[in-house]
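Asker: Here it is, the structure in full.
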Number of protein chains: 2
Amino acid sequence: MYRTHNNGILNISNVSQKVKLCGWIQKSRDLGGMTFIDLRDRYGITQLVFNEQIDLELCNKARNMGREWVISIEGEVKERSNKNPNLKTGEIEIEVSYLHILKASKTPPFTIEDESDGGEELRMKYRFLDLRRNPVQENLKLRHRIGLETRKYLDQLSFMEIETPYLIKSTPEGARDFVVPSRMNPTEFYALPQSPQTFKQLLMVSGYDRYFQIVKCFRDEDLRADRQPEFTQIDCEMAFVEQEDVIQTFEGLIKHLFKTEKNISFNNSFPKISYSEAMHRFGSDKPDIRFGMELNYIKPLTNGAGFKVFDDAEEVIAIALKNCADYSRKKLDALTNWVKRPQIGAKGLIYVKCNEDGSFKSSVDKFYSQEYLRKWANECNAEDGDLILVLSGNKSTTQKQMNELRLKLGKDLNLFKENDYKPIWVVDFPLVEKDEESGALHAMHHPFTSPKKEDAHLLNDSPEKVRANAYDLAINGVEVGGGSIRIHDRELQEQLFTTLGFTKEEAEEQFGFLLNAFEYGAPPHGGIAFGFDRLCALMGNKDNIRDFIAFPKNNSGRDVMIDAPAKIDDNQLKELSIDTIG
Amino acid sequence: MYRTHNNGILNISNVSQKVKLCGWIQKSRDLGGMTFIDLRDRYGITQLVFNEQIDLELCNKARNMGREWVISIEGEVKERSNKNPNLKTGEIEIEVSYLHILKASKTPPFTIEDESDGGEELRMKYRFLDLRRNPVQENLKLRHRIGLETRKYLDQLSFMEIETPYLIKSTPEGARDFVVPSRMNPTEFYALPQSPQTFKQLLMVSGYDRYFQIVKCFRDEDLRADRQPEFTQIDCEMAFVEQEDVIQTFEGLIKHLFKTEKNISFNNSFPKISYSEAMHRFGSDKPDIRFGMELNYIKPLTNGAGFKVFDDAEEVIAIALKNCADYSRKKLDALTNWVKRPQIGAKGLIYVKCNEDGSFKSSVDKFYSQEYLRKWANECNAEDGDLILVLSGNKSTTQKQMNELRLKLGKDLNLFKENDYKPIWVVDFPLVEKDEESGALHAMHHPFTSPKKEDAHLLNDSPEKVRANAYDLAINGVEVGGGSIRIHDRELQEQLFTTLGFTKEEAEEQFGFLLNAFEYGAPPHGGIAFGFDRLCALMGNKDNIRDFIAFPKNNSGRDVMIDAPAKIDDNQLKELSIDTIG
């Protein structure tokens with residue numbers, strides 16, 4: 001047996017016990033004849049002490065060890081003279097009588113501290129060392145707990161975790177599928193699932209009633225900071241439900257997770273907002289409602305002044321910043337540059353300062369009189385001392401830009417606190433959206449989403465006007481989950497496939513099994529999927545999901561530690577009946 | 001809201017309540033003016049009654065519905081006159097006042113009954129209907145519960161579930177890897193993991209101390225009845241442990257699962273047997289110890305009689321069947337034909353009947369006197385009335401054949417009962433084994449298994465004699481799990497790679513990250529992995545793991561329901577920089 005205790009557990013009640021401990025050397029200090037070592041493991045840190053007076057040889061051995069060496073020791077628990085109240089084991093130390101070096105260590109290329117001196121690339125290459133750092137371990141512990149609590153909670157509600165296959169069939173959105181050549185079926189390919197969508201619907205047809213799975217999904221697309229080629233979903237589906245049943249069930253899950261993990265209680269139901277209202281008020285379908293600063297549409301209040309930029313714009317949108325009329329030229333220029341970056345893409349930024357004396361100062365006051373500016377201020381509910389910022393252009397583009405600006409300002413102005421969580425359901429999404437380049441219609445969520453009954457008559461002639469039984473949960477501006485009531489009728493599903501541009505043959509080839517299943521007694525059903533990586537990051541108060549994944553990939557989809565992907569040899573390619581091009 | 005209750009819950013205490021129910025029509029019966037319908041969901045069956053006297057129109061509507069239609073009803077709970085004690089809801093029925101057909105159904109191609117009339121292929125094509133059958137639902141419920149209990153148990157012991165990546169790097173045993181072309185990294189491939197082995201070892205180097213994961217693994221090999229290209233493992237690893245620590249921890253898990261799921265208690269520790277003893281006594285490294293009939297080595301007792309078959313054989317092995325001396329010619333011929341099938345491959349089967357009068361009758365009694373046969377009987381502890389069966393030839397081949405024969409006889413002779421579980425740890429496996437064709441050495445478990453300290457000196461000159469710190473858990477002849485204490489030292493790992501025929505460059509290219517990690521303070525560590533599909537099948541008293549997988553693949557690795565794998569189009573191939581050959 002290597003150890004009697006871990007390094008996070010010994011306290012004053014253990015004094016005078018003989019113990020065996022193992023771990024890594026976090027830190028070593030020599031103090032006049034005494035050597036102190038902080039011994040670390042996942043559970044904590046215990047101080048070891050070596051006394052030259054008692055055993056010179058042992059003390060010398062201890063002095064020669066470096067950080068991250070792995071050792072095992074035996075010794076006696078002693079009460080410390082200098083107690084450390086910040087440490088669980090801070091009342092005691094171990095007077096070491098036996099020391100065994102289990103493994104020496106090279107000096108790590110960066111420090112194993114909460115704030116490491118290693119850059120991201122170096123830490124990713126040595127991820128096995130980066131993973132030793134306390135904040136990363138805390139993230140993964142959080143992830144473990146959220147996963148387990150999710151499972152316990154859903155089990156209590158009679159949900160069954162059922163594993164769906166990873167080797168499936170490529171779908172029409174196939175360009176984003178990872179594919180897998182089959183050795184046993186030459187020239188044929190499996191695809192890795194982008195989600196278990198069709199399988200969970202089949203499980204509803206099969207009568208499983210309540211299904212969930214915490215499951216890896218795969219998408220081969222160009223990666224942004226918060227995307228990974230493989231990611232994890234809490235995937236759920238229920239039969240014989242309407243939208244409100246799903247929403248209430250999973251609002252319960254989210255409340256349970258916040259209660260158990262963060263001791264945060266939400267006493268009321270999460271608010272609901274329609275997609276169109278969310279876009280109108282916040283310019284976003286995942287609004288951050290921790291602060292106001294809502295969007296105001298002032299185009300009608302700008303007419304007739306001869307300012308071409310506004311006159312040509314489809315929409316003019318303004319937000320008011322409380323008590324910011326004293327913004328300097330420099331600050332305003334910085335904001336202007338920020339919105340003009342290609343990621344935001346605004347042409348410029350107009351400001352109106354609502355001075356304390358009731359007058360207005362604006363970058364466009366050669367076009368707009370005080371009268372005009374007062375109307376804008378009234379529309380924005382801006383008061384003396386506030387600052388108004390205005391963007392203009394195409395409506396939806398301007399909404400998106402204003403959303404970005406609003407989120408940035410909310411952060412810059414500290415309009416919300418850590419651990420302030422404001423969930424909101426966004427409902428009544430459009431069923432389809434038009435691709436602006438090709439003019440083709442795409443499913444807003446996915447092609448299995450059902451249209452609202454009252455809009456079904458529009459499906460043929462005005463599909464873009466049809467609202468779906470779809471809902472997203474946003475928390476603090478992060479889309480945490482989304483789902484819908486599904487189609488469970490062959491004819492309606494075929495009609496939607498047609499609307500989305502599938503030929504009858506394509507629909508049959510890709511989804512024949514599902515259409516077929518609908519003919520054998522398909523119950524009404526619906527569900528939801530949560531982005532597990534993102535939920536963990538949100539609850540861990542971090543922006544980057546990579547911090548919550550043990551072995552993440554970089555922006556090129558590479559694992560730089562194991563150096564994957566990599567070439568494979570010609571025999572293997574031949575065996576798989578494929579060849580590489582280029 | 002579609003329903004107030006599910007179909008497994010209403011009882012006498014609910015009488016006279018108004019309820020709403022949903023489900024599938026399991027069965028419909030017309031009895032003189034009354035129509036009875038069994039309404040089914042995952043939770044049970046509730047009887048509906050329609051009375052012609054009360055509502056003729058409703059009754060006629062009910063009569064016209066077929067099996068597997070999905071309906072919703074409203075009605076009043078009534079006490080039954082004819083109670084059904086076999087049904088949870090057997091005391092009541094629902095007098096229906098409102099009936100809504102949610103979805104009609106085509107007539108299913110096979111019956112949705114415990115014993116379906118559908119063949120395997122048809123049921124797999126319509127797996128969504130097969131999954132409605134009660135035995136399949138019970139299997140998946142069992143799987144759900146075992147998964148959840150495993151997680152709860154390991155969490156209690158401070159194990160953390162940590163997800164390891166699915167898109168990794170192809171390994172030297174690469175012929176069995178599924179590979180995944182990377183669009184973003186043209187001509188390069190990921191591989192799907194055959195197990196998370198190296199990642200869980202890295203997590204130990206990273207200080208996670210106790211890791212587990214219930215995780216999909218992938219192997220592209222020719223499939224046998226109990227193999228699937230994707231399968232699920234309970235994958236575990238611990239730091240600062242010796243073999244006995246791992247064995248005790250996971251013996252605890254198995255005991256917990258049997259207790260919670262089947263109310264079976266194992267009061268003692270599971271027995272342990274060395275690999276060599278297991279092979280000697282049972283001819284198998286996963287012995288079924290529910291019954292005796294052990295192997296006896298009688299070659300020395302056959303010499304000098306001029307029977308060429310035995311004289312030329314390396315080994316002659318006998319087993320004794322209690323009270324089977326009365327086996328007929330026909331039975332013995334059938335057994336002989338059974339062992340001569342190519343799957344077993346024996347040349348023939350010799351018998352010796354130990355007659356009740358103390359004499360012997362044997363198929364080789366023209367070579368062997370009663371004296372000889374008595375010695376064999378003594379060696380086998382055979383008594384009057386027993387039957388001895390003998391196979392001969394190459395030792396290891398004959399052991400394997402005798403193992404198969406023994407298992408078959410154990411089953412045929414009913415030597416064990418359902419729900420009789422006899423676990424046994426098999427330890428001291430050889431570190432490597434020789435490929436009989438190529439003469440190359442392979443790792444018996446995998447190349448990360450550590451040799452026993454006391455055998456380490458043999459590693460260079462007699463690697464086949466080296467025993468490993470490896471252990472398997474067998475239950476009733478099924479290998480449920482296996483693991484080892486790993487190498488955590490760069491030099492030893494490199495030495496073993498050399499023994500296994502890796503060049504230094506190959507070892508570095510494939511496993512450089514792990515060798516590298518070992519230099520930064522790697523703790524001693526070890527672990528185990530359980531075959532989750534197989535564990536579920538074992539606990540569910542079934543042989544076939546497919547019965548415990550929601551959407552299994554067939555022997556060609558195909559999902560016949562969704563028709564995968566399949567061709568993908570040329571654009572997609574081009575996008576991935578690959579081409580198909582042939």
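Ligands are numbered from 1 in the order shown, chains are lettered A, B, ... in the order of the structure tokens, and residues start at 1 in each chain.
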Skipping near chain neighbours, those fewer than 5 positions away, what residues fall within 12 Å of Phe367 (chain A) using only C-alpha atoms, listed as a list in words?
Answerer: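 Returned residues: Thr302, Asn303, Gly304, Ala305, Gly306, Phe307, Lys308, Val309, Phe310, Asp311, Lys361, Ser362, Tyr372 and Leu373 of chain A.
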Asker: Output as a VMD selection string all residues of region 134-275 of chain A that backbone DSSP marks as strand (DSSP E or B).
Answerer: chain A and resid 160 to 161 168 179 to 181 189 to 191 210 to 218 230 to 239 272 to 274
Asker: Taking into account only C-alpha atoms, which residue in the set A:Glu509, A:Glu113, A:Glu68, A:Glu404 is nearest to Trp338 (chain A)?
Answerer: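 Once distances to Trp338 (chain A) are computed over only C-alpha atoms, the minimum belongs to A:Glu404.
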Asker: Looking only at the backbone, which of the residues in region 136-299 of chain A does DSSP tag as helix (DSSP H, G or I), as an MDAnalysis selection string?
Answerer: chainID A and resid 136:156 174:176 197:205 243:262 275:282 299
Asker: Which is closer to chain B than all the others in A:Ser276, A:Ser116, A:Gln194, A:Asn6, using only C-alpha atoms?
Answerer: A:Asn6
